[in-house]
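J.: Provided below: entry-v8.cif, containing mmCIF, N, CA and C atoms and all ligand atoms.
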data_start
#
loop_
_atom_site.group_PDB
_atom_site.id
_atom_site.type_symbol
_atom_site.label_atom_id
_atom_site.label_comp_id
_atom_site.auth_asym_id
_atom_site.auth_seq_id
_atom_site.Cartn_x
_atom_site.Cartn_y
_atom_site.Cartn_z
ATOM 1 N N PRO A 29 100.941 86.049 99.891
ATOM 2 C CA PRO A 29 99.733 86.874 99.957
ATOM 3 C C PRO A 29 99.288 87.355 98.560
ATOM 4 N N LYS A 30 98.038 87.731 98.494
ATOM 5 C CA LYS A 30 97.473 88.141 97.207
ATOM 6 C C LYS A 30 97.075 89.612 97.232
ATOM 7 N N ALA A 31 97.047 90.205 96.047
ATOM 8 C CA ALA A 31 96.537 91.561 95.892
ATOM 9 C C ALA A 31 95.543 91.537 94.738
ATOM 10 N N VAL A 32 94.515 92.373 94.846
ATOM 11 C CA VAL A 32 93.509 92.442 93.794
ATOM 12 C C VAL A 32 93.563 93.834 93.166
ATOM 13 N N PHE A 33 93.763 93.876 91.858
ATOM 14 C CA PHE A 33 93.761 95.145 91.121
ATOM 15 C C PHE A 33 92.462 95.225 90.334
ATOM 16 N N ILE A 34 91.777 96.346 90.461
ATOM 17 C CA ILE A 34 90.546 96.535 89.700
ATOM 18 C C ILE A 34 90.745 97.728 88.771
ATOM 19 N N GLU A 35 90.697 97.468 87.482
ATOM 20 C CA GLU A 35 90.909 98.540 86.507
ATOM 21 C C GLU A 35 89.669 99.407 86.388
ATOM 22 N N ALA A 36 89.872 100.599 85.840
ATOM 23 C CA ALA A 36 88.776 101.560 85.721
ATOM 24 C C ALA A 36 87.626 101.011 84.878
ATOM 25 N N ASN A 37 87.911 100.069 83.987
ATOM 26 C CA ASN A 37 86.848 99.487 83.150
ATOM 27 C C ASN A 37 86.208 98.271 83.805
ATOM 28 N N GLY A 38 86.590 97.990 85.064
ATOM 29 C CA GLY A 38 85.970 96.895 85.792
ATOM 30 C C GLY A 38 86.755 95.597 85.744
ATOM 31 N N GLY A 39 87.779 95.519 84.908
ATOM 32 C CA GLY A 39 88.609 94.305 84.845
ATOM 33 C C GLY A 39 89.271 94.058 86.191
ATOM 34 N N GLU A 40 89.190 92.809 86.668
ATOM 35 C CA GLU A 40 89.690 92.502 88.000
ATOM 36 C C GLU A 40 90.765 91.430 87.916
ATOM 37 N N TYR A 41 91.877 91.657 88.581
ATOM 38 C CA TYR A 41 92.986 90.700 88.524
ATOM 39 C C TYR A 41 93.446 90.388 89.924
ATOM 40 N N GLU A 42 93.478 89.101 90.269
ATOM 41 C CA GLU A 42 94.014 88.705 91.567
ATOM 42 C C GLU A 42 95.401 88.134 91.317
ATOM 43 N N VAL A 43 96.400 88.697 91.949
ATOM 44 C CA VAL A 43 97.759 88.238 91.690
ATOM 45 C C VAL A 43 98.453 87.863 92.993
ATOM 46 N N GLU A 44 99.361 86.895 92.886
ATOM 47 C CA GLU A 44 100.150 86.451 94.027
ATOM 48 C C GLU A 44 101.364 87.393 94.118
ATOM 49 N N VAL A 45 101.631 87.904 95.317
ATOM 50 C CA VAL A 45 102.748 88.838 95.499
ATOM 51 C C VAL A 45 103.647 88.293 96.602
ATOM 52 N N SER A 46 104.960 88.309 96.373
ATOM 53 C CA SER A 46 105.871 87.850 97.425
ATOM 54 C C SER A 46 105.956 88.922 98.506
ATOM 55 N N VAL A 47 106.146 88.480 99.743
ATOM 56 C CA VAL A 47 106.350 89.426 100.841
ATOM 57 C C VAL A 47 107.595 90.260 100.519
ATOM 58 N N GLY A 48 107.468 91.574 100.642
ATOM 59 C CA GLY A 48 108.593 92.463 100.373
ATOM 60 C C GLY A 48 108.601 93.018 98.956
ATOM 61 N N GLN A 49 107.825 92.380 98.059
ATOM 62 C CA GLN A 49 107.751 92.885 96.685
ATOM 63 C C GLN A 49 106.798 94.089 96.655
ATOM 64 N N SER A 50 107.079 95.050 95.773
ATOM 65 C CA SER A 50 106.172 96.191 95.705
ATOM 66 C C SER A 50 104.961 95.821 94.839
ATOM 67 N N LEU A 51 103.851 96.487 95.120
ATOM 68 C CA LEU A 51 102.629 96.186 94.375
ATOM 69 C C LEU A 51 102.734 96.675 92.934
ATOM 70 N N MET A 52 103.552 97.689 92.696
ATOM 71 C CA MET A 52 103.802 98.111 91.299
ATOM 72 C C MET A 52 104.477 96.973 90.540
ATOM 73 N N GLU A 53 105.506 96.368 91.149
ATOM 74 C CA GLU A 53 106.206 95.267 90.476
ATOM 75 C C GLU A 53 105.258 94.104 90.224
ATOM 76 N N ALA A 54 104.417 93.818 91.210
ATOM 77 C CA ALA A 54 103.468 92.713 91.048
ATOM 78 C C ALA A 54 102.542 92.984 89.876
ATOM 79 N N ALA A 55 102.100 94.218 89.739
ATOM 80 C CA ALA A 55 101.186 94.567 88.648
ATOM 81 C C ALA A 55 101.890 94.483 87.294
ATOM 82 N N THR A 56 103.092 95.020 87.206
ATOM 83 C CA THR A 56 103.779 95.002 85.910
ATOM 84 C C THR A 56 104.184 93.571 85.544
ATOM 85 N N ASP A 57 104.595 92.763 86.529
ATOM 86 C CA ASP A 57 104.929 91.356 86.268
ATOM 87 C C ASP A 57 103.733 90.602 85.705
ATOM 88 N N ASN A 58 102.541 91.034 86.098
ATOM 89 C CA ASN A 58 101.331 90.339 85.656
ATOM 90 C C ASN A 58 100.632 91.054 84.498
ATOM 91 N N MET A 59 101.352 91.959 83.857
ATOM 92 C CA MET A 59 100.843 92.644 82.662
ATOM 93 C C MET A 59 99.536 93.384 82.906
ATOM 94 N N ILE A 60 99.407 93.980 84.068
ATOM 95 C CA ILE A 60 98.218 94.781 84.320
ATOM 96 C C ILE A 60 98.483 96.170 83.723
ATOM 97 N N ASP A 61 97.741 96.477 82.650
ATOM 98 C CA ASP A 61 98.045 97.667 81.858
ATOM 99 C C ASP A 61 97.895 98.983 82.612
ATOM 100 N N GLY A 62 97.016 99.007 83.603
ATOM 101 C CA GLY A 62 96.753 100.258 84.317
ATOM 102 C C GLY A 62 97.896 100.727 85.198
ATOM 103 N N VAL A 63 98.895 99.882 85.402
ATOM 104 C CA VAL A 63 100.055 100.271 86.210
ATOM 105 C C VAL A 63 101.282 100.186 85.300
ATOM 106 N N VAL A 64 101.933 101.326 85.084
ATOM 107 C CA VAL A 64 103.057 101.342 84.155
ATOM 108 C C VAL A 64 104.400 101.258 84.888
ATOM 109 N N GLY A 65 104.550 102.040 85.939
ATOM 110 C CA GLY A 65 105.799 101.980 86.706
ATOM 111 C C GLY A 65 106.987 102.500 85.926
ATOM 112 N N GLU A 66 106.747 103.585 85.210
ATOM 113 C CA GLU A 66 107.741 104.151 84.311
ATOM 114 C C GLU A 66 109.090 104.457 84.971
ATOM 115 N N CYS A 67 109.070 104.955 86.207
ATOM 116 C CA CYS A 67 110.329 105.383 86.834
ATOM 117 C C CYS A 67 111.034 104.226 87.535
ATOM 118 N N GLY A 68 110.432 103.043 87.499
ATOM 119 C CA GLY A 68 111.087 101.895 88.117
ATOM 120 C C GLY A 68 110.900 101.827 89.622
ATOM 121 N N GLY A 69 110.049 102.668 90.162
ATOM 122 C CA GLY A 69 109.716 102.530 91.574
ATOM 123 C C GLY A 69 110.368 103.526 92.513
ATOM 124 N N VAL A 70 110.714 104.714 92.005
ATOM 125 C CA VAL A 70 111.368 105.692 92.872
ATOM 126 C C VAL A 70 110.540 106.961 93.075
ATOM 127 N N SER A 71 109.223 106.809 93.074
ATOM 128 C CA SER A 71 108.321 107.939 93.350
ATOM 129 C C SER A 71 108.543 109.141 92.454
ATOM 130 N N SER A 72 108.810 108.924 91.174
ATOM 131 C CA SER A 72 108.964 110.105 90.341
ATOM 132 C C SER A 72 108.169 110.076 89.037
ATOM 133 N N CYS A 73 107.187 109.174 88.911
ATOM 134 C CA CYS A 73 106.406 109.201 87.676
ATOM 135 C C CYS A 73 104.898 109.214 87.912
ATOM 136 N N ALA A 74 104.461 108.630 89.027
ATOM 137 C CA ALA A 74 103.031 108.548 89.360
ATOM 138 C C ALA A 74 102.220 107.687 88.384
ATOM 139 N N THR A 75 102.880 106.925 87.511
ATOM 140 C CA THR A 75 102.126 106.022 86.626
ATOM 141 C C THR A 75 101.734 104.740 87.363
ATOM 142 N N CYS A 76 102.046 104.677 88.638
ATOM 143 C CA CYS A 76 101.667 103.506 89.447
ATOM 144 C C CYS A 76 100.627 103.898 90.485
ATOM 145 N N HIS A 77 99.997 105.066 90.269
ATOM 146 C CA HIS A 77 98.982 105.590 91.202
ATOM 147 C C HIS A 77 97.825 104.598 91.370
ATOM 148 N N VAL A 78 97.433 104.353 92.609
ATOM 149 C CA VAL A 78 96.284 103.483 92.897
ATOM 150 C C VAL A 78 95.442 104.090 94.021
ATOM 151 N N TYR A 79 94.194 103.672 94.071
ATOM 152 C CA TYR A 79 93.328 103.999 95.205
ATOM 153 C C TYR A 79 93.232 102.743 96.065
ATOM 154 N N VAL A 80 93.645 102.872 97.319
ATOM 155 C CA VAL A 80 93.672 101.713 98.216
ATOM 156 C C VAL A 80 92.331 101.591 98.932
ATOM 157 N N ASP A 81 91.742 100.401 98.881
ATOM 158 C CA ASP A 81 90.469 100.168 99.562
ATOM 159 C C ASP A 81 90.601 100.522 101.048
ATOM 160 N N GLU A 82 89.567 101.180 101.577
ATOM 161 C CA GLU A 82 89.585 101.669 102.964
ATOM 162 C C GLU A 82 89.990 100.614 103.994
ATOM 163 N N ALA A 83 89.602 99.375 103.760
ATOM 164 C CA ALA A 83 89.875 98.323 104.742
ATOM 165 C C ALA A 83 91.376 98.083 104.925
ATOM 166 N N TRP A 84 92.160 98.481 103.956
ATOM 167 C CA TRP A 84 93.615 98.266 104.027
ATOM 168 C C TRP A 84 94.404 99.554 104.171
ATOM 169 N N PHE A 85 93.787 100.666 103.823
ATOM 170 C CA PHE A 85 94.527 101.930 103.767
ATOM 171 C C PHE A 85 95.259 102.221 105.079
ATOM 172 N N ASP A 86 94.568 102.023 106.202
ATOM 173 C CA ASP A 86 95.169 102.351 107.506
ATOM 174 C C ASP A 86 96.256 101.376 107.936
ATOM 175 N N LYS A 87 96.350 100.248 107.257
ATOM 176 C CA LYS A 87 97.395 99.277 107.609
ATOM 177 C C LYS A 87 98.726 99.625 106.955
ATOM 178 N N LEU A 88 98.699 100.578 106.039
ATOM 179 C CA LEU A 88 99.928 100.922 105.322
ATOM 180 C C LEU A 88 100.748 101.932 106.108
ATOM 181 N N PRO A 89 102.072 101.801 106.036
ATOM 182 C CA PRO A 89 102.895 102.862 106.623
ATOM 183 C C PRO A 89 102.605 104.159 105.868
ATOM 184 N N PRO A 90 102.644 105.302 106.537
ATOM 185 C CA PRO A 90 102.312 106.562 105.856
ATOM 186 C C PRO A 90 103.261 106.872 104.696
ATOM 187 N N ALA A 91 102.746 107.639 103.755
ATOM 188 C CA ALA A 91 103.567 108.032 102.605
ATOM 189 C C ALA A 91 104.648 109.015 103.054
ATOM 190 N N ASP A 92 105.829 108.916 102.455
ATOM 191 C CA ASP A 92 106.866 109.909 102.762
ATOM 192 C C ASP A 92 106.624 111.180 101.927
ATOM 193 N N ASP A 93 107.440 112.194 102.160
ATOM 194 C CA ASP A 93 107.225 113.494 101.509
ATOM 195 C C ASP A 93 107.279 113.404 99.992
ATOM 196 N N LEU A 94 108.211 112.601 99.497
ATOM 197 C CA LEU A 94 108.364 112.468 98.055
ATOM 198 C C LEU A 94 107.111 111.850 97.437
ATOM 199 N N GLU A 95 106.632 110.789 98.075
ATOM 200 C CA GLU A 95 105.407 110.148 97.585
ATOM 201 C C GLU A 95 104.233 111.133 97.641
ATOM 202 N N GLU A 96 104.100 111.832 98.764
ATOM 203 C CA GLU A 96 103.021 112.826 98.901
ATOM 204 C C GLU A 96 103.070 113.845 97.765
ATOM 205 N N SER A 97 104.263 114.318 97.449
ATOM 206 C CA SER A 97 104.351 115.372 96.448
ATOM 207 C C SER A 97 104.018 114.830 95.058
ATOM 208 N N MET A 98 104.331 113.552 94.798
ATOM 209 C CA MET A 98 103.952 112.970 93.506
ATOM 210 C C MET A 98 102.453 112.748 93.423
ATOM 211 N N ILE A 99 101.857 112.356 94.534
ATOM 212 C CA ILE A 99 100.399 112.143 94.528
ATOM 213 C C ILE A 99 99.696 113.472 94.238
ATOM 214 N N ASP A 100 100.244 114.559 94.760
ATOM 215 C CA ASP A 100 99.652 115.873 94.513
ATOM 216 C C ASP A 100 99.601 116.217 93.029
ATOM 217 N N VAL A 101 100.578 115.761 92.272
ATOM 218 C CA VAL A 101 100.586 116.096 90.845
ATOM 219 C C VAL A 101 100.007 114.977 89.974
ATOM 220 N N ALA A 102 99.603 113.876 90.586
ATOM 221 C CA ALA A 102 98.987 112.782 89.833
ATOM 222 C C ALA A 102 97.597 113.225 89.364
ATOM 223 N N ARG A 103 97.059 112.519 88.358
ATOM 224 C CA ARG A 103 95.700 112.825 87.897
ATOM 225 C C ARG A 103 94.699 112.317 88.929
ATOM 226 N N ASP A 104 93.691 113.129 89.237
ATOM 227 C CA ASP A 104 92.589 112.724 90.107
ATOM 228 C C ASP A 104 92.999 112.120 91.447
ATOM 229 N N PRO A 105 93.833 112.796 92.227
ATOM 230 C CA PRO A 105 94.186 112.227 93.538
ATOM 231 C C PRO A 105 92.973 112.202 94.472
ATOM 232 N N MET A 106 92.925 111.211 95.347
ATOM 233 C CA MET A 106 91.865 111.124 96.344
ATOM 234 C C MET A 106 92.520 110.851 97.698
ATOM 235 N N ASP A 107 91.688 110.847 98.758
ATOM 236 C CA ASP A 107 92.230 110.651 100.112
ATOM 237 C C ASP A 107 92.928 109.307 100.266
ATOM 238 N N ASN A 108 92.497 108.326 99.480
ATOM 239 C CA ASN A 108 93.098 106.987 99.606
ATOM 240 C C ASN A 108 94.099 106.701 98.484
ATOM 241 N N SER A 109 94.640 107.758 97.884
ATOM 242 C CA SER A 109 95.648 107.578 96.833
ATOM 243 C C SER A 109 96.990 107.165 97.428
ATOM 244 N N ARG A 110 97.650 106.239 96.747
ATOM 245 C CA ARG A 110 99.045 105.898 97.083
ATOM 246 C C ARG A 110 99.764 105.567 95.779
ATOM 247 N N LEU A 111 101.097 105.569 95.862
ATOM 248 C CA LEU A 111 101.883 105.071 94.734
ATOM 249 C C LEU A 111 102.151 103.600 95.021
ATOM 250 N N SER A 112 101.753 102.741 94.091
ATOM 251 C CA SER A 112 101.871 101.310 94.388
ATOM 252 C C SER A 112 103.322 100.847 94.472
ATOM 253 N N CYS A 113 104.257 101.629 93.928
ATOM 254 C CA CYS A 113 105.665 101.222 94.054
ATOM 255 C C CYS A 113 106.168 101.407 95.480
ATOM 256 N N GLN A 114 105.440 102.178 96.270
ATOM 257 C CA GLN A 114 105.867 102.424 97.657
ATOM 258 C C GLN A 114 105.147 101.510 98.649
ATOM 259 N N ILE A 115 104.297 100.626 98.142
ATOM 260 C CA ILE A 115 103.612 99.679 99.028
ATOM 261 C C ILE A 115 104.306 98.331 98.899
ATOM 262 N N LYS A 116 104.920 97.889 99.972
ATOM 263 C CA LYS A 116 105.580 96.583 99.974
ATOM 264 C C LYS A 116 104.628 95.558 100.593
ATOM 265 N N MET A 117 104.508 94.431 99.943
ATOM 266 C CA MET A 117 103.595 93.400 100.427
ATOM 267 C C MET A 117 104.034 92.855 101.779
ATOM 268 N N THR A 118 103.055 92.632 102.675
ATOM 269 C CA THR A 118 103.296 91.951 103.948
ATOM 270 C C THR A 118 102.165 90.925 104.102
ATOM 271 N N GLU A 119 102.317 89.999 105.042
ATOM 272 C CA GLU A 119 101.245 89.014 105.293
ATOM 273 C C GLU A 119 99.952 89.742 105.685
ATOM 274 N N GLU A 120 100.101 90.828 106.424
ATOM 275 C CA GLU A 120 98.937 91.575 106.910
ATOM 276 C C GLU A 120 98.116 92.183 105.771
ATOM 277 N N LEU A 121 98.759 92.419 104.646
ATOM 278 C CA LEU A 121 98.066 93.065 103.521
ATOM 279 C C LEU A 121 97.402 92.061 102.580
ATOM 280 N N ASP A 122 97.413 90.785 102.959
ATOM 281 C CA ASP A 122 96.816 89.754 102.104
ATOM 282 C C ASP A 122 95.385 90.141 101.713
ATOM 283 N N GLY A 123 95.110 90.092 100.424
ATOM 284 C CA GLY A 123 93.762 90.401 99.941
ATOM 285 C C GLY A 123 93.539 91.867 99.611
ATOM 286 N N ILE A 124 94.565 92.683 99.778
ATOM 287 C CA ILE A 124 94.427 94.136 99.559
ATOM 288 C C ILE A 124 93.807 94.440 98.186
ATOM 289 N N ILE A 125 92.871 95.379 98.189
ATOM 290 C CA ILE A 125 92.184 95.760 96.949
ATOM 291 C C ILE A 125 92.650 97.145 96.510
ATOM 292 N N LEU A 126 93.077 97.236 95.264
ATOM 293 C CA LEU A 126 93.578 98.497 94.704
ATOM 294 C C LEU A 126 92.770 98.833 93.469
ATOM 295 N N ARG A 127 92.223 100.020 93.428
ATOM 296 C CA ARG A 127 91.485 100.447 92.225
ATOM 297 C C ARG A 127 92.368 101.393 91.427
ATOM 298 N N LEU A 128 92.269 101.284 90.117
ATOM 299 C CA LEU A 128 93.129 102.094 89.265
ATOM 300 C C LEU A 128 92.362 103.288 88.714
ATOM 301 N N PRO A 129 93.017 104.440 88.658
ATOM 302 C CA PRO A 129 92.346 105.647 88.158
ATOM 303 C C PRO A 129 91.941 105.520 86.692
ATOM 304 N N VAL A 130 90.877 106.217 86.324
ATOM 305 C CA VAL A 130 90.395 106.224 84.942
ATOM 306 C C VAL A 130 91.514 106.664 83.993
ATOM 307 N N SER A 131 92.330 107.609 84.444
ATOM 308 C CA SER A 131 93.404 108.130 83.582
ATOM 309 C C SER A 131 94.442 107.065 83.251
ATOM 310 N N GLN A 132 94.455 105.964 83.967
ATOM 311 C CA GLN A 132 95.422 104.904 83.694
ATOM 312 C C GLN A 132 94.783 103.719 82.962
ATOM 313 N N PHE A 133 93.749 104.037 82.225
ATOM 314 C CA PHE A 133 93.112 102.968 81.465
ATOM 315 C C PHE A 133 93.359 103.171 79.987
HETATM 316 FE FE1 LIG B 201 107.084 105.657 89.329
HETATM 317 FE FE2 LIG B 201 105.802 104.487 91.325
HETATM 318 S S1 LIG B 201 106.695 103.566 89.621
HETATM 319 S S2 LIG B 201 106.163 106.575 91.033
#
Take the structure in this file and express it as structure tokens.
Ligand code: FES

T.:
Amino acid sequence: PKAVFIEANGGEYEVEVSVGQSLMEAATDNMIDGVVGECGGVSSCATCHVYVDEAWFDKLPPADDLEESMIDVARDPMDNSRLSCQIKMTEELDGIILRLPVSQF
């Protein structure tokens, strides 16, 4: 399956993601600068913050408490904010669109 990352400056990247891989890992593997993944994927840095396109947001399992609390302290959180390290790719998420916050540009 594929995921599409759209940077705050409009740069768009379509990347192939293995099922079970996190979207943060997919972004860092593909050198997408807007996703840093500083903490290595354990919900403690928020440098992997993304806005999930509405068409996919409801397909994601809900965020756990730790993720919620990191989103609260992230820059510019919105209703469709998630940490991309907590989103694991599935066949159902093929084509998922993620926008990156201005603060991560
Ligand atoms: Fe640190 Fe996601 S990589 S919170």

J.: How many Å separate atom C of Gln132 (chain A) from atom N of Ala36 (chain A)?

T.: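 It comes out at 6.5 Å.
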
J.: Using Å and a single decimal, report how far atom N of Ser71 (chain A) sits from CA of Asn58 (chain A).

T.: 19.7 Å

J.: Please check which protein, DNA or RNA residues sit within 6.5 Å of ligand LIG 201 (chain B), counting only N, CA and C atoms and all ligand atoms, and write them as a list in words.

T.: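 Those residues are Met52, Val64, Gly65, Glu66, Cys67, Gly68, Gly69, Val70, Ser71, Ser72, Cys73, Ala74, Thr75, Cys76, His77, Leu111, Ser112, Cys113 and Gln114 of chain A.
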
J.: How far is it from CA of Ala55 (chain A) to CA of Thr118 (chain A), in Å with one decimal?

T.: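 Computed distance, CA of Ala55 (chain A) to CA of Thr118 (chain A), equals 15.7 Å.
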
J.: Give me every alpha helix (DSSP H) residue in chain A, going by DSSP on the backbone, as number ranges by chain.

T.: A: 51-57, 82-85, 93-101

J.: What residues in chain A get the DSSP label strand (DSSP E or B)? Please answer as a PyMOL selection string.

T.: chain A and resi 30-34+40-44+50+77-80+109-111+116+124-127

J.: Save region 29-114 of chain A from what I just supplied, as a tab-separated table (two decimals), in the first residue's frame, atoms limited to C-alpha atoms.

T.:
chain	number	residue	atom	x	y	z
A	29	PRO	CA	0.00	0.00	0.00
A	30	LYS	CA	0.96	3.62	-0.52
A	31	ALA	CA	0.86	6.73	1.62
A	32	VAL	CA	0.99	10.32	0.42
A	33	PHE	CA	2.78	12.97	2.50
A	34	ILE	CA	2.13	16.60	1.68
A	35	GLU	CA	4.56	19.07	3.20
A	36	ALA	CA	3.53	22.51	4.39
A	37	ASN	CA	5.25	24.05	1.34
A	38	GLY	CA	3.17	21.90	-1.01
A	39	GLY	CA	5.82	19.25	-1.74
A	40	GLU	CA	4.07	15.93	-2.28
A	41	TYR	CA	5.61	12.49	-1.84
A	42	GLU	CA	3.97	9.17	-2.59
A	43	VAL	CA	5.76	6.34	-0.84
A	44	GLU	CA	5.33	2.58	-0.72
A	45	VAL	CA	4.79	1.33	2.85
A	46	SER	CA	4.87	-2.29	4.00
A	47	VAL	CA	1.85	-3.56	5.92
A	48	GLY	CA	2.64	-3.22	9.62
A	49	GLN	CA	5.27	-0.51	9.11
A	50	SER	CA	4.60	2.80	10.83
A	51	LEU	CA	4.04	5.87	8.69
A	52	MET	CA	6.77	7.70	10.61
A	53	GLU	CA	9.26	5.01	9.56
A	54	ALA	CA	8.04	5.20	5.98
A	55	ALA	CA	8.57	8.96	5.96
A	56	THR	CA	12.03	8.87	7.50
A	57	ASP	CA	13.10	5.98	5.20
A	58	ASN	CA	12.12	8.18	2.28
A	59	MET	CA	13.91	11.28	3.58
A	60	ILE	CA	10.77	13.31	4.02
A	61	ASP	CA	12.12	16.23	6.03
A	62	GLY	CA	8.84	17.19	7.68
A	63	VAL	CA	8.81	14.00	9.75
A	64	VAL	CA	11.75	13.61	12.11
A	65	GLY	CA	10.76	10.78	14.44
A	66	GLU	CA	13.24	11.87	17.07
A	67	CYS	CA	12.06	9.47	19.80
A	68	GLY	CA	12.12	6.45	17.50
A	69	GLY	CA	8.39	5.91	17.60
A	70	VAL	CA	7.37	5.80	21.26
A	71	SER	CA	5.00	8.78	21.43
A	72	SER	CA	7.37	11.06	23.25
A	73	CYS	CA	8.61	13.68	20.80
A	74	ALA	CA	5.71	14.73	18.53
A	75	THR	CA	8.16	15.43	15.67
A	76	CYS	CA	6.11	12.94	13.64
A	77	HIS	CA	2.87	14.93	14.01
A	78	VAL	CA	0.61	14.75	10.93
A	79	TYR	CA	-2.88	15.81	9.93
A	80	VAL	CA	-4.76	12.81	8.56
A	81	ASP	CA	-7.09	13.45	5.62
A	82	GLU	CA	-10.74	13.07	6.70
A	83	ALA	CA	-11.35	10.18	4.30
A	84	TRP	CA	-8.94	8.01	6.30
A	85	PHE	CA	-9.11	9.47	9.78
A	86	ASP	CA	-12.07	7.32	10.87
A	87	LYS	CA	-10.40	4.15	9.62
A	88	LEU	CA	-7.61	4.50	12.17
A	89	PRO	CA	-7.73	2.85	15.56
A	90	PRO	CA	-8.19	5.60	18.19
A	91	ALA	CA	-5.16	7.22	19.77
A	92	ASP	CA	-4.13	5.91	23.18
A	93	ASP	CA	-3.70	8.22	26.19
A	94	LEU	CA	0.01	8.70	25.64
A	95	GLU	CA	-0.49	9.71	22.02
A	96	GLU	CA	-3.35	12.04	23.01
A	97	SER	CA	-1.20	13.77	25.59
A	98	MET	CA	1.64	14.29	23.10
A	99	ILE	CA	-0.74	15.71	20.52
A	100	ASP	CA	-1.93	18.19	23.15
A	101	VAL	CA	1.58	19.59	23.48
A	102	ALA	CA	2.42	19.44	19.76
A	103	ARG	CA	2.48	22.68	17.75
A	104	ASP	CA	-0.87	23.56	16.13
A	105	PRO	CA	-2.90	20.45	16.98
A	106	MET	CA	-6.15	19.97	15.05
A	107	ASP	CA	-9.06	17.51	15.26
A	108	ASN	CA	-7.40	15.26	12.69
A	109	SER	CA	-3.95	15.30	14.33
A	110	ARG	CA	-2.16	12.00	14.90
A	111	LEU	CA	1.38	10.88	15.58
A	112	SER	CA	2.51	9.08	12.46
A	113	CYS	CA	4.63	6.66	14.50
A	114	GLN	CA	1.40	5.28	15.96
